[in-house]
Every structure is written in C-alpha cells, then in structure tokens.
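Asker: Sharing input_11.pdb, PDB, C-alpha atoms:
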MODEL        1
ATOM      1  CA  MET A   1     -24.994 -23.588   9.867
ATOM      2  CA  GLN A   2     -23.305 -25.512   7.071
ATOM      3  CA  GLU A   3     -24.444 -22.878   4.555
ATOM      4  CA  SER A   4     -22.942 -20.098   6.701
ATOM      5  CA  LEU A   5     -19.624 -21.933   6.880
ATOM      6  CA  LYS A   6     -19.593 -22.342   3.089
ATOM      7  CA  LYS A   7     -20.224 -18.614   2.709
ATOM      8  CA  LEU A   8     -17.395 -17.742   5.094
ATOM      9  CA  LYS A   9     -15.028 -20.176   3.384
ATOM     10  CA  LYS A  10     -15.804 -18.808  -0.094
ATOM     11  CA  ALA A  11     -15.368 -15.159   0.950
ATOM     12  CA  PHE A  12     -12.166 -15.930   2.841
ATOM     13  CA  GLU A  13     -10.648 -17.795  -0.117
ATOM     14  CA  LEU A  14     -11.415 -14.908  -2.462
ATOM     15  CA  SER A  15      -9.902 -12.423  -0.012
ATOM     16  CA  GLU A  16      -6.752 -14.455   0.571
ATOM     17  CA  SER A  17      -6.190 -14.772  -3.177
ATOM     18  CA  GLY A  18      -6.364 -10.991  -3.560
ATOM     19  CA  GLN A  19      -9.642 -10.997  -5.537
ATOM     20  CA  HIS A  20     -11.079  -7.924  -3.830
ATOM     21  CA  SER A  21     -13.623  -7.116  -6.560
ATOM     22  CA  ALA A  22     -14.824 -10.719  -6.405
ATOM     23  CA  VAL A  23     -15.253 -10.476  -2.623
ATOM     24  CA  ILE A  24     -17.474  -7.409  -3.074
ATOM     25  CA  ASP A  25     -19.474  -9.006  -5.906
ATOM     26  CA  TYR A  26     -19.963 -12.236  -3.930
ATOM     27  CA  LEU A  27     -21.025 -10.647  -0.650
ATOM     28  CA  SER A  28     -23.227  -8.091  -2.410
ATOM     29  CA  GLY A  29     -25.452 -11.040  -3.341
ATOM     30  CA  PHE A  30     -26.526 -11.421   0.299
ATOM     31  CA  PRO A  31     -28.610  -9.064   2.487
ATOM     32  CA  ALA A  32     -26.472  -6.304   4.026
ATOM     33  CA  SER A  33     -27.862  -7.082   7.481
ATOM     34  CA  GLU A  34     -26.721 -10.690   7.160
ATOM     35  CA  VAL A  35     -23.195  -9.686   6.123
ATOM     36  CA  GLU A  36     -22.840  -7.028   8.818
ATOM     37  CA  ASP A  37     -24.098  -9.374  11.521
ATOM     38  CA  SER A  38     -21.067 -11.584  10.890
ATOM     39  CA  PRO A  39     -17.792 -10.073  12.180
ATOM     40  CA  THR A  40     -15.770 -12.079   9.660
ATOM     41  CA  LEU A  41     -17.903 -11.196   6.625
ATOM     42  CA  ALA A  42     -18.067  -7.519   7.617
ATOM     43  CA  LEU A  43     -14.271  -7.496   7.983
ATOM     44  CA  LEU A  44     -13.679  -9.199   4.634
ATOM     45  CA  LEU A  45     -16.065  -6.860   2.815
ATOM     46  CA  GLY A  46     -14.680  -3.761   4.551
ATOM     47  CA  SER A  47     -11.101  -4.741   3.773
ATOM     48  CA  ALA A  48     -11.979  -5.372   0.114
ATOM     49  CA  GLN A  49     -13.715  -1.992  -0.189
ATOM     50  CA  ALA A  50     -10.712  -0.224   1.355
ATOM     51  CA  ARG A  51      -8.234  -2.052  -0.900
ATOM     52  CA  LEU A  52     -10.095  -0.763  -3.938
ATOM     53  CA  GLY A  53      -9.973   2.841  -2.746
ATOM     54  CA  ARG A  54     -13.403   3.064  -1.068
ATOM     55  CA  SER A  55     -11.980   4.028   2.297
ATOM     56  CA  GLY A  56     -15.154   5.505   3.800
ATOM     57  CA  GLU A  57     -17.258   2.367   3.328
ATOM     58  CA  GLY A  58     -14.289   0.186   4.220
ATOM     59  CA  GLU A  59     -13.798   2.039   7.503
ATOM     60  CA  ARG A  60     -17.492   1.744   8.389
ATOM     61  CA  LEU A  61     -17.596  -2.010   7.785
ATOM     62  CA  VAL A  62     -14.338  -2.694   9.628
ATOM     63  CA  ASP A  63     -15.684  -0.718  12.600
ATOM     64  CA  VAL A  64     -18.814  -2.901  12.485
ATOM     65  CA  ALA A  65     -16.630  -6.014  12.432
ATOM     66  CA  LEU A  66     -14.552  -4.751  15.362
ATOM     67  CA  HIS A  67     -17.662  -3.977  17.431
ATOM     68  CA  ARG A  68     -19.283  -7.346  16.650
ATOM     69  CA  ALA A  69     -16.092  -9.298  17.337
ATOM     70  CA  ARG A  70     -15.583  -7.638  20.719
ATOM     71  CA  ALA A  71     -19.224  -8.198  21.686
ATOM     72  CA  ARG A  72     -18.909 -11.908  20.876
ATOM     73  CA  GLY A  73     -15.432 -12.416  22.302
ATOM     74  CA  ASP A  74     -14.032 -13.359  18.881
ATOM     75  CA  HIS A  75     -10.406 -12.393  19.544
ATOM     76  CA  ALA A  76      -9.043 -13.634  16.197
ATOM     77  CA  VAL A  77     -11.352 -11.375  14.169
ATOM     78  CA  GLU A  78     -10.867  -8.509  16.629
ATOM     79  CA  LEU A  79      -7.092  -8.600  16.070
ATOM     80  CA  ARG A  80      -7.443  -8.624  12.295
ATOM     81  CA  ALA A  81      -9.968  -5.796  12.460
ATOM     82  CA  LEU A  82      -7.583  -3.670  14.549
ATOM     83  CA  ASN A  83      -4.886  -4.096  11.901
ATOM     84  CA  ALA A  84      -7.318  -3.455   9.039
ATOM     85  CA  ARG A  85      -8.641  -0.323  10.736
ATOM     86  CA  GLY A  86      -5.076   0.916  11.176
ATOM     87  CA  ALA A  87      -4.281   0.228   7.530
ATOM     88  CA  ILE A  88      -7.242   2.356   6.400
ATOM     89  CA  ALA A  89      -6.163   5.160   8.735
ATOM     90  CA  LEU A  90      -2.616   4.955   7.367
ATOM     91  CA  VAL A  91      -3.693   5.190   3.732
ATOM     92  CA  THR A  92      -6.009   8.136   4.406
ATOM     93  CA  GLY A  93      -3.381  10.067   6.374
ATOM     94  CA  GLN A  94      -4.634   9.563   9.943
ATOM     95  CA  ILE A  95      -1.148   8.633  11.117
ATOM     96  CA  ASP A  96      -1.532   8.909  14.902
ATOM     97  CA  GLU A  97      -4.765   6.922  14.759
ATOM     98  CA  ALA A  98      -3.089   4.284  12.579
ATOM     99  CA  GLU A  99      -0.226   3.910  15.044
ATOM    100  CA  LYS A 100      -2.676   3.392  17.925
ATOM    101  CA  PHE A 101      -4.541   0.649  16.063
ATOM    102  CA  PHE A 102      -1.344  -1.138  14.986
ATOM    103  CA  THR A 103       0.198  -0.960  18.451
ATOM    104  CA  SER A 104      -2.996  -2.147  20.117
ATOM    105  CA  GLY A 105      -3.311  -4.990  17.627
ATOM    106  CA  LEU A 106       0.344  -5.971  18.001
ATOM    107  CA  ASN A 107       0.222  -6.074  21.796
ATOM    108  CA  ALA A 108      -2.982  -8.120  21.783
ATOM    109  CA  ALA A 109      -1.592 -10.479  19.121
ATOM    110  CA  LYS A 110       1.503 -11.111  21.231
ATOM    111  CA  ARG A 111      -0.698 -12.062  24.198
ATOM    112  CA  GLN A 112      -2.658 -14.434  21.946
ATOM    113  CA  SER A 113       0.494 -15.774  20.193
ATOM    114  CA  ASP A 114      -1.196 -14.876  16.893
ATOM    115  CA  HIS A 115       1.858 -14.839  14.613
ATOM    116  CA  ASP A 116      -0.046 -13.819  11.500
ATOM    117  CA  THR A 117      -1.402 -10.671  13.163
ATOM    118  CA  ILE A 118       1.982  -9.953  14.743
ATOM    119  CA  GLY A 119       3.349  -9.994  11.201
ATOM    120  CA  ARG A 120       0.586  -7.774   9.807
ATOM    121  CA  CYS A 121       0.821  -5.139  12.545
ATOM    122  CA  SER A 122       4.632  -5.113  12.591
ATOM    123  CA  ASN A 123       4.726  -4.778   8.817
ATOM    124  CA  ASN A 124       2.316  -1.841   8.906
ATOM    125  CA  LEU A 125       4.223  -0.183  11.737
ATOM    126  CA  GLY A 126       7.289  -0.519   9.520
ATOM    127  CA  ILE A 127       5.493   1.315   6.708
ATOM    128  CA  LEU A 128       4.513   4.070   9.128
ATOM    129  CA  GLN A 129       8.078   4.381  10.429
ATOM    130  CA  HIS A 130       9.440   4.420   6.885
ATOM    131  CA  ASN A 131       7.110   7.303   6.020
ATOM    132  CA  ARG A 132       8.494   9.222   8.984
ATOM    133  CA  GLY A 133      12.033   8.656   7.723
ATOM    134  CA  GLN A 134      12.822   6.273  10.607
ATOM    135  CA  TYR A 135      14.439   3.755   8.287
ATOM    136  CA  ASP A 136      16.357   1.767  10.925
ATOM    137  CA  MET A 137      13.198   1.372  13.001
ATOM    138  CA  ALA A 138      11.281   0.365   9.885
ATOM    139  CA  LEU A 139      13.809  -2.336   9.041
ATOM    140  CA  SER A 140      13.605  -3.631  12.623
ATOM    141  CA  SER A 141       9.808  -3.829  12.387
ATOM    142  CA  TYR A 142      10.071  -5.607   9.039
ATOM    143  CA  THR A 143      12.490  -8.128  10.537
ATOM    144  CA  ILE A 144       9.953  -8.910  13.275
ATOM    145  CA  ALA A 145       7.182  -9.150  10.690
ATOM    146  CA  LEU A 146       9.200 -11.469   8.463
ATOM    147  CA  ALA A 147       9.937 -13.873  11.333
ATOM    148  CA  ALA A 148       6.278 -13.839  12.411
ATOM    149  CA  PHE A 149       4.977 -14.556   8.907
ATOM    150  CA  GLN A 150       7.490 -17.346   8.469
ATOM    151  CA  GLN A 151       6.341 -18.877  11.745
ATOM    152  CA  ALA A 152       2.712 -18.496  10.666
ATOM    153  CA  GLY A 153       3.497 -20.071   7.279
ATOM    154  CA  SER A 154       2.193 -17.017   5.397
ATOM    155  CA  GLN A 155       3.973 -16.740   2.061
ATOM    156  CA  ARG A 156       1.761 -13.762   1.192
ATOM    157  CA  GLY A 157       2.999 -11.987   4.299
ATOM    158  CA  VAL A 158       6.616 -12.793   3.467
ATOM    159  CA  ALA A 159       6.185 -11.359  -0.038
ATOM    160  CA  GLY A 160       4.701  -8.148   1.337
ATOM    161  CA  VAL A 161       7.519  -7.631   3.828
ATOM    162  CA  GLU A 162      10.233  -8.338   1.242
ATOM    163  CA  HIS A 163       8.508  -5.762  -0.974
ATOM    164  CA  ASN A 164       8.589  -3.130   1.776
ATOM    165  CA  ILE A 165      12.209  -3.844   2.705
ATOM    166  CA  GLY A 166      13.141  -3.206  -0.932
ATOM    167  CA  ILE A 167      11.385   0.175  -0.802
ATOM    168  CA  THR A 168      13.298   1.142   2.349
ATOM    169  CA  TYR A 169      16.659   0.245   0.814
ATOM    170  CA  ARG A 170      15.610   2.197  -2.275
ATOM    171  CA  ASP A 171      15.068   5.306  -0.187
ATOM    172  CA  LEU A 172      18.349   4.722   1.612
ATOM    173  CA  GLY A 173      20.054   4.830  -1.796
ATOM    174  CA  GLN A 174      21.251   1.217  -1.529
ATOM    175  CA  LEU A 175      19.986   0.299  -4.971
ATOM    176  CA  LYS A 176      21.833  -2.998  -5.399
ATOM    177  CA  ARG A 177      20.422  -4.336  -2.167
ATOM    178  CA  ALA A 178      17.006  -2.821  -2.927
ATOM    179  CA  LEU A 179      16.889  -4.585  -6.301
ATOM    180  CA  GLN A 180      17.839  -7.881  -4.659
ATOM    181  CA  GLN A 181      15.033  -7.519  -2.101
ATOM    182  CA  ALA A 182      12.551  -6.512  -4.778
ATOM    183  CA  GLY A 183      13.456  -9.602  -6.799
ATOM    184  CA  GLN A 184      12.887 -11.792  -3.736
ATOM    185  CA  ALA A 185       9.484 -10.155  -3.267
ATOM    186  CA  VAL A 186       8.501 -10.912  -6.880
ATOM    187  CA  GLN A 187       9.533 -14.548  -6.483
ATOM    188  CA  ALA A 188       7.652 -14.886  -3.194
ATOM    189  CA  ALA A 189       4.539 -13.331  -4.756
ATOM    190  CA  ARG A 190       4.689 -15.809  -7.642
ATOM    191  CA  VAL A 191       4.617 -18.669  -5.149
ATOM    192  CA  VAL A 192       1.469 -17.171  -3.603
ATOM    193  CA  GLY A 193      -0.213 -17.190  -7.021
ATOM    194  CA  ASP A 194      -1.884 -13.780  -6.636
ATOM    195  CA  PRO A 195      -1.465 -11.850  -9.924
ATOM    196  CA  GLY A 196      -2.239  -8.512  -8.263
ATOM    197  CA  LEU A 197       0.379  -8.961  -5.559
ATOM    198  CA  GLU A 198       2.949 -10.155  -8.094
ATOM    199  CA  ALA A 199       2.232  -7.113 -10.268
ATOM    200  CA  GLN A 200       2.602  -4.797  -7.269
ATOM    201  CA  THR A 201       6.027  -6.232  -6.419
ATOM    202  CA  LEU A 202       7.044  -6.141 -10.095
ATOM    203  CA  ALA A 203       6.165  -2.432 -10.351
ATOM    204  CA  VAL A 204       8.425  -1.508  -7.436
ATOM    205  CA  GLN A 205      11.189  -3.698  -8.876
ATOM    206  CA  ALA A 206      10.801  -1.705 -12.094
ATOM    207  CA  GLU A 207      11.115   1.602 -10.251
ATOM    208  CA  ILE A 208      14.307   0.477  -8.529
ATOM    209  CA  ARG A 209      15.686  -0.946 -11.781
ATOM    210  CA  ALA A 210      15.184   2.413 -13.504
ATOM    211  CA  LEU A 211      16.995   4.212 -10.685
ATOM    212  CA  ALA A 212      19.809   1.674 -11.047
ATOM    213  CA  GLY A 213      20.215   2.599 -14.721
ATOM    214  CA  ASP A 214      18.058   0.220 -16.800
ATOM    215  CA  PRO A 215      14.890   2.174 -17.748
ATOM    216  CA  GLN A 216      14.137   0.107 -20.866
ATOM    217  CA  LEU A 217      13.624  -3.158 -18.958
ATOM    218  CA  ALA A 218      11.965  -1.205 -16.149
ATOM    219  CA  ARG A 219       9.378   0.143 -18.599
ATOM    220  CA  ARG A 220       8.474  -3.350 -19.800
ATOM    221  CA  GLU A 221       8.076  -4.540 -16.211
ATOM    222  CA  VAL A 222       5.848  -1.698 -15.042
ATOM    223  CA  GLU A 223       3.703  -1.885 -18.185
ATOM    224  CA  GLN A 224       3.199  -5.592 -17.450
ATOM    225  CA  ALA A 225       2.150  -4.726 -13.887
ATOM    226  CA  LEU A 226      -0.180  -2.024 -15.187
ATOM    227  CA  ARG A 227      -1.947  -4.454 -17.534
ATOM    228  CA  VAL A 228      -2.598  -6.874 -14.672
ATOM    229  CA  HIS A 229      -3.952  -4.223 -12.310
ATOM    230  CA  ARG A 230      -6.233  -2.879 -15.045
ATOM    231  CA  GLU A 231      -7.569  -6.361 -15.731
ATOM    232  CA  LEU A 232      -8.253  -6.758 -11.999
ATOM    233  CA  GLU A 233      -9.885  -3.293 -11.870
ATOM    234  CA  ASP A 234      -7.539  -2.401  -9.006
ATOM    235  CA  GLU A 235      -7.532   1.372  -9.394
ATOM    236  CA  PRO A 236      -5.276   2.267  -6.411
ATOM    237  CA  ARG A 237      -2.509  -0.043  -7.621
ATOM    238  CA  GLU A 238      -3.054   1.123 -11.202
ATOM    239  CA  THR A 239      -2.460   4.692  -9.986
ATOM    240  CA  GLY A 240       0.766   3.600  -8.322
ATOM    241  CA  ASP A 241       1.926   1.911 -11.518
ATOM    242  CA  LEU A 242       1.255   5.078 -13.506
ATOM    243  CA  ARG A 243       3.399   7.140 -11.134
ATOM    244  CA  ILE A 244       6.265   4.681 -11.546
ATOM    245  CA  LEU A 245       5.813   4.625 -15.331
ATOM    246  CA  ALA A 246       5.931   8.432 -15.412
ATOM    247  CA  GLY A 247       9.253   8.401 -13.557
ATOM    248  CA  ILE A 248      10.653   5.860 -15.996
ATOM    249  CA  LEU A 249       9.522   7.994 -18.942
ATOM    250  CA  VAL A 250      11.501  10.894 -17.477
ATOM    251  CA  ALA A 251      14.600   8.677 -17.493
ATOM    252  CA  LEU A 252      13.877   7.803 -21.122
ATOM    253  CA  GLY A 253      13.543  11.468 -22.098
ATOM    254  CA  GLU A 254       9.795  11.302 -22.815
ATOM    255  CA  THR A 255       9.052  14.293 -20.622
ATOM    256  CA  ASP A 256       5.763  15.475 -22.180
ATOM    257  CA  GLU A 257       4.084  12.119 -21.604
ATOM    258  CA  ALA A 258       5.661  11.892 -18.152
ATOM    259  CA  GLU A 259       4.261  15.273 -17.120
ATOM    260  CA  ALA A 260       0.765  14.319 -18.312
ATOM    261  CA  LEU A 261       0.948  11.064 -16.345
ATOM    262  CA  PHE A 262       2.127  12.766 -13.149
ATOM    263  CA  ARG A 263      -0.783  15.210 -13.386
ATOM    264  CA  ASP A 264      -3.200  12.328 -13.977
ATOM    265  CA  VAL A 265      -1.822  10.509 -10.920
ATOM    266  CA  LEU A 266      -2.207  13.669  -8.817
ATOM    267  CA  SER A 267      -5.855  13.912  -9.835
ATOM    268  CA  ARG A 268      -6.487  10.216  -9.155
ATOM    269  CA  ALA A 269      -4.783  10.347  -5.752
ATOM    270  CA  LYS A 270      -6.961  13.277  -4.681
ATOM    271  CA  GLN A 271     -10.116  11.452  -5.785
ATOM    272  CA  GLU A 272      -9.010   8.248  -4.030
ATOM    273  CA  GLU A 273      -8.107  10.214  -0.859
ATOM    274  CA  ARG A 274      -4.561   8.830  -0.814
ATOM    275  CA  PRO A 275      -2.333  11.619   0.535
ATOM    276  CA  LYS A 276       0.922   9.637   0.333
ATOM    277  CA  MET A 277       0.406   8.981  -3.378
ATOM    278  CA  GLN A 278      -0.617  12.609  -3.878
ATOM    279  CA  GLY A 279       2.567  13.791  -2.195
ATOM    280  CA  ASP A 280       4.764  11.346  -4.124
ATOM    281  CA  ALA A 281       3.317  12.424  -7.469
ATOM    282  CA  GLY A 282       3.641  16.116  -6.588
ATOM    283  CA  ARG A 283       7.257  15.680  -5.525
ATOM    284  CA  ASP A 284       8.109  13.795  -8.714
ATOM    285  CA  LEU A 285       6.314  16.359 -10.886
ATOM    286  CA  ALA A 286       8.177  19.211  -9.164
ATOM    287  CA  ARG A 287      11.509  17.545  -9.912
ATOM    288  CA  LEU A 288      10.517  17.120 -13.562
ATOM    289  CA  LEU A 289       9.507  20.787 -13.818
ATOM    290  CA  VAL A 290      12.895  21.792 -12.379
ATOM    291  CA  HIS A 291      14.555  19.630 -15.038
ATOM    292  CA  LEU A 292      12.477  21.429 -17.684
ATOM    293  CA  GLY A 293      13.527  24.838 -16.340
ATOM    294  CA  ARG A 294      10.009  25.810 -15.187
ATOM    295  CA  VAL A 295      11.113  27.026 -11.783
ATOM    296  CA  ASP A 296       8.003  28.969 -10.729
ATOM    297  CA  GLU A 297       5.708  26.029 -11.513
ATOM    298  CA  ALA A 298       8.093  23.639  -9.789
ATOM    299  CA  THR A 299       8.110  25.761  -6.641
ATOM    300  CA  GLU A 300       4.317  25.900  -6.496
ATOM    301  CA  VAL A 301       3.933  22.137  -7.009
ATOM    302  CA  ALA A 302       6.673  21.389  -4.465
ATOM    303  CA  ARG A 303       4.980  23.584  -1.857
ATOM    304  CA  GLU A 304       1.652  21.838  -2.407
ATOM    305  CA  ALA A 305       3.336  18.439  -2.054
ATOM    306  CA  ARG A 306       5.092  19.633   1.107
ATOM    307  CA  VAL A 307       1.749  20.558   2.684
ATOM    308  CA  VAL A 308       0.380  17.087   1.908
ATOM    309  CA  PHE A 309       3.469  15.311   3.264
ATOM    310  CA  ASN A 310       3.489  17.479   6.376
ATOM    311  CA  GLN A 311      -0.141  16.656   7.131
ATOM    312  CA  TYR A 312       0.616  12.983   6.478
ATOM    313  CA  GLY A 313       3.597  12.932   8.835
ATOM    314  CA  ALA A 314       6.120  12.002   6.131
ATOM    315  CA  GLU A 315       8.955  13.906   7.795
ATOM    316  CA  ALA A 316      11.750  12.684   5.523
ATOM    317  CA  GLU A 317       9.844  13.799   2.414
ATOM    318  CA  VAL A 318       9.110  17.200   3.988
ATOM    319  CA  LYS A 319      12.846  17.723   4.534
ATOM    320  CA  LYS A 320      13.654  16.771   0.931
ATOM    321  CA  LEU A 321      11.097  19.259  -0.361
ATOM    322  CA  ASP A 322      12.372  21.964   1.990
ATOM    323  CA  ASP A 323      15.811  21.461   0.459
ATOM    324  CA  LEU A 324      14.379  21.592  -3.080
ATOM    325  CA  ILE A 325      12.312  24.717  -2.377
ATOM    326  CA  GLY A 326      15.345  26.356  -0.792
ATOM    327  CA  GLN A 327      17.462  25.630  -3.869
ATOM    328  CA  LEU A 328      14.766  27.006  -6.175
ATOM    329  CA  ALA A 329      14.500  30.201  -4.098
TER     330      ALA A 329
ENDMDL
END
What do you get writing this file as structure tokens?
Answerer:
Amino acid sequence: MQESLKKLKKAFELSESGQHSAVIDYLSGFPASEVEDSPTLALLLGSAQARLGRSGEGERLVDVALHRARARGDHAVELRALNARGAIALVTGQIDEAEKFFTSGLNAAKRQSDHDTIGRCSNNLGILQHNRGQYDMALSSYTIALAAFQQAGSQRGVAGVEHNIGITYRDLGQLKRALQQAGQAVQAARVVGDPGLEAQTLAVQAEIRALAGDPQLARREVEQALRVHRELEDEPRETGDLRILAGILVALGETDEAEALFRDVLSRAKQEERPKMQGDAGRDLARLLVHLGRVDEATEVAREARVVFNQYGAEAEVKKLDDLIGQLA
C-alpha cells in the first residue's frame, strides 16, 4: 500500500511540474496492467502521452482511467479524466465531442465544488469558444476559470488562463492589452517553476510583441522558448514556437527562411494530427505568398487551410480566409 502511494506521489509530482517525458519514462518501468488498473496512473500516463502529441494512445489511456474511476466511484479522478478527454478531442479537431466532455466535467465539478476542475473545464471551454470566434464568451469563460483557479490555489492554472486571455486580446487587435496579459502569464509561469510552461507563455508574448512592432526582441524571446522546448523534447510546443518564429522572420524581411519554416510546421502539424496548428500555419503561409506576389500558390494554400479550419469549427478563421480568397480572386 505504501509503495503504491509512493508511486502515485512520484508520478503526480512529475505531471504537475510539466515533465511529461519523465512521467512516461517513470511509468513505463512498471507493468502496463498495473498502471492501467489504477485510474490515477492511467490518467497521468494518458495525459502525458497526449501532451507530447501521441493523441491515440493518450485517448485510450484516459478512457481507461475514466472507466476505472466510474467503476470505483472515484469522482475526483473521473472529473479530471472528463476534462483530459475533452482536451484531446479539442486538439484533434473533434469539437462537438470536446464540448460535451468539458460541459459534463464542468457541471459535475460544480456539484462537487471541485474548483480546480471548474477552472480546467472553463478554461478549455474558453479555448473552444475562442476558436469559434466567440471572443466575448471566451473571455467570460476565462474569467470564471481564473476565479476558480485562484480559489483552488493553482498558480499553474492562473498562468494558463492569463496566457489564453492574451491570445484572445491579440485576435481582437487589442495589442497593448494582449501584451500586458502575456507578460502577466510569463510572470505567473515563472512562479510555478515549470520551464516548459514559461517557454510556452514567452513564445506567445513574442508573437504579440512582433505584431506590436518589436520583432527583434520578439525573435530573441521565441528562440529562447524554442531552446527550452527542444531540451524538454516537447515536439508539439516546439512546432508552435517554429510557427511564431516564422511569422517574426516575415516581419524582419527574412522571407525565404520564413517560408521554409511555415512548410515545416505544416508537415509537423499533419504528422502530429493537430488541425488547428495546421490551419494556422497554412493561413500564415498563404499571407506570406500573397506578400511575395505568388497569388496562385497563395490561393491554393488558403483554400487548403480553409478546409482544415472549417472541419475544426474555427468559424472566425474561415471567414478571414474567405475574405482573403475573395480578394485574390
């Protein structure tokens, strides 16, 4: 019994510190049947696999955790598994399924007064609403998430919400406010002490900074984030950093390198089965090709990105691409 508790404690600590590769390495040292018999261990391993881009295995393990937790009446793990399952569905483009998991998890968490899960589900619903272009609804969900995480004492949760609020203000064109929020996210992540999370917030701060007119500093920031994510072998976040770096290179006039990076990100996103990243990279590449006067190529890339965004349910991005395609025609 004591040995099992030590195992759970070790895996949980690694997960909470963002060491997803370490979680996988640690739990791989035990029999698979032993890990999957524990709802908590199955959830931690599944979440780690999903975070590192292995969505299929992550989904399977989280489903195992959800089934085991329900069978044993472990409501705390069940709520976390509902949110984790929704997060995997969101990343892989199963938007309606993601919304069902988040809503189910949120309603159950409210009944249980589980503030941490209220924060997680509300934050993820905010991401989903943002992707649909429902920015006011997203900000409302983030406000709920922020209050819940503060009540739960989760600095990690606070950092994540601040990060997402900055992205929403970025897409609203309120760059001054977006940069302020992004800076708060970086500071909150530093308090957590998770290098991967800090690098993720720093990369988005860099993207906003470049849009606000300072691409030189932005480049240094995103390259710092990229180094950290490479050291951590966090390929999904590395891919995101590369997309941001490519956009900054466009601002700096280094268009050949930017185009190569965008195409690399497109390839990575397809392999990682991340439709949102695939759409983002395609949209950005299309805009670069327009800038370079390669209208036919730009139109083709924009149409491909539109298909991806449409399947993903990113309605605001579909409208932007419709406008771009119309202008090119």
Asker: Nearest to Leu175 (chain A): which of A:Arg230, A:Gly196, A:Ala148, A:Gln205 is it, counting all atoms listed in the file?
Answerer: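 Among A:Arg230, A:Gly196, A:Ala148, A:Gln205, it is A:Gln205 that comes nearest to Leu175 (chain A).
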Asker: To verify the selection step, state as a list in words which residues the PyMOL selection byres ((chain A and resi 43) around 8) yields on this input.
Answerer: Pro39, Thr40, Leu41, Ala42, Leu44, Leu45, Gly46, Ser47, Leu61, Val62, Val64, Ala65, Leu66, Val77 and Ala81 of chain A
Asker: If you apply the PyMOL selection byres ((chain A and resi 267) around 12) to this file, what residues do you get, as number ranges by chain?
Answerer: A: 239, 242-243, 260-266, 268-275, 277-279, 281-282
Asker: Spell out the residues picked by the PyMOL selection byres ((chain A and resi 209) around 12) here, as an mmCIF file with C-alpha atoms, in the coordinates of the input.
Answerer:
data_model
loop_
_atom_site.group_PDB
_atom_site.id
_atom_site.type_symbol
_atom_site.label_atom_id
_atom_site.label_comp_id
_atom_site.auth_asym_id
_atom_site.auth_seq_id
_atom_site.Cartn_x
_atom_site.Cartn_y
_atom_site.Cartn_z
ATOM 1 C CA GLY A 166 13.141 -3.206 -0.932
ATOM 2 C CA ILE A 167 11.385 0.175 -0.802
ATOM 3 C CA ARG A 170 15.610 2.197 -2.275
ATOM 4 C CA GLN A 174 21.251 1.217 -1.529
ATOM 5 C CA LEU A 175 19.986 0.299 -4.971
ATOM 6 C CA LYS A 176 21.833 -2.998 -5.399
ATOM 7 C CA ARG A 177 20.422 -4.336 -2.167
ATOM 8 C CA ALA A 178 17.006 -2.821 -2.927
ATOM 9 C CA LEU A 179 16.889 -4.585 -6.301
ATOM 10 C CA GLN A 180 17.839 -7.881 -4.659
ATOM 11 C CA GLN A 181 15.033 -7.519 -2.101
ATOM 12 C CA ALA A 182 12.551 -6.512 -4.778
ATOM 13 C CA GLY A 183 13.456 -9.602 -6.799
ATOM 14 C CA LEU A 202 7.044 -6.141 -10.095
ATOM 15 C CA ALA A 203 6.165 -2.432 -10.351
ATOM 16 C CA VAL A 204 8.425 -1.508 -7.436
ATOM 17 C CA GLN A 205 11.189 -3.698 -8.876
ATOM 18 C CA ALA A 206 10.801 -1.705 -12.094
ATOM 19 C CA GLU A 207 11.115 1.602 -10.251
ATOM 20 C CA ILE A 208 14.307 0.477 -8.529
ATOM 21 C CA ALA A 210 15.184 2.413 -13.504
ATOM 22 C CA LEU A 211 16.995 4.212 -10.685
ATOM 23 C CA ALA A 212 19.809 1.674 -11.047
ATOM 24 C CA GLY A 213 20.215 2.599 -14.721
ATOM 25 C CA ASP A 214 18.058 0.220 -16.800
ATOM 26 C CA PRO A 215 14.890 2.174 -17.748
ATOM 27 C CA GLN A 216 14.137 0.107 -20.866
ATOM 28 C CA LEU A 217 13.624 -3.158 -18.958
ATOM 29 C CA ALA A 218 11.965 -1.205 -16.149
ATOM 30 C CA ARG A 219 9.378 0.143 -18.599
ATOM 31 C CA ARG A 220 8.474 -3.350 -19.800
ATOM 32 C CA GLU A 221 8.076 -4.540 -16.211
ATOM 33 C CA VAL A 222 5.848 -1.698 -15.042
ATOM 34 C CA ILE A 244 6.265 4.681 -11.546
ATOM 35 C CA LEU A 245 5.813 4.625 -15.331
ATOM 36 C CA GLY A 247 9.253 8.401 -13.557
ATOM 37 C CA ILE A 248 10.653 5.860 -15.996
ATOM 38 C CA ALA A 251 14.600 8.677 -17.493
#
Asker: Please list as a compact mmCIF listing (two decimals) with C-alpha atoms, keeping the file's coordinate frame every residue within 10 Å of Gly133 (chain A), counting all atoms listed in the file and excluding residues in the same chain fewer than 5 positions away.
Answerer:
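Result went into result09.txt, see below:
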# COMPACT_ATOMS: atom_id res chain seq x y z
CA ILE A 127 5.49 1.32 6.71
CA LEU A 128 4.51 4.07 9.13
CA ALA A 138 11.28 0.36 9.88
CA THR A 168 13.30 1.14 2.35
CA ASP A 171 15.07 5.31 -0.19
CA LEU A 172 18.35 4.72 1.61
CA GLY A 313 3.60 12.93 8.84
CA ALA A 314 6.12 12.00 6.13
CA GLU A 315 8.96 13.91 7.80
CA ALA A 316 11.75 12.68 5.52
CA GLU A 317 9.84 13.80 2.41
CA VAL A 318 9.11 17.20 3.99
CA LYS A 319 12.85 17.72 4.53
Asker: Just want the 12 Å neighbourhood of Gln112 (chain A), counted on all atoms listed in the file, with same-chain residues fewer than 3 positions away dropped. Output as a list in words.
Answerer: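 Close residues of Gln112 (chain A): Asp74, His75, Ala76, Glu78, Leu79, Gly105, Leu106, Asn107, Ala108, Ala109, His115, Asp116, Thr117 and Ile118 of chain A.
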Asker: Which neighbours of region 298-312 of chain A fall inside 9 Å, counting only C-alpha atoms, when residues of the same chain fewer than 2 positions from it are skipped, and could you give them as a ChimeraX atom specification?
Answerer: /A:90,92-95,131,275-276,278-290,293-296,314-319,321-322,324-325,328-329
Asker: Measure the distance from CA of Ala98 (chain A) to CA of Glu198 (chain A) in Å and round it to one decimal.
Answerer: 25.9 Å
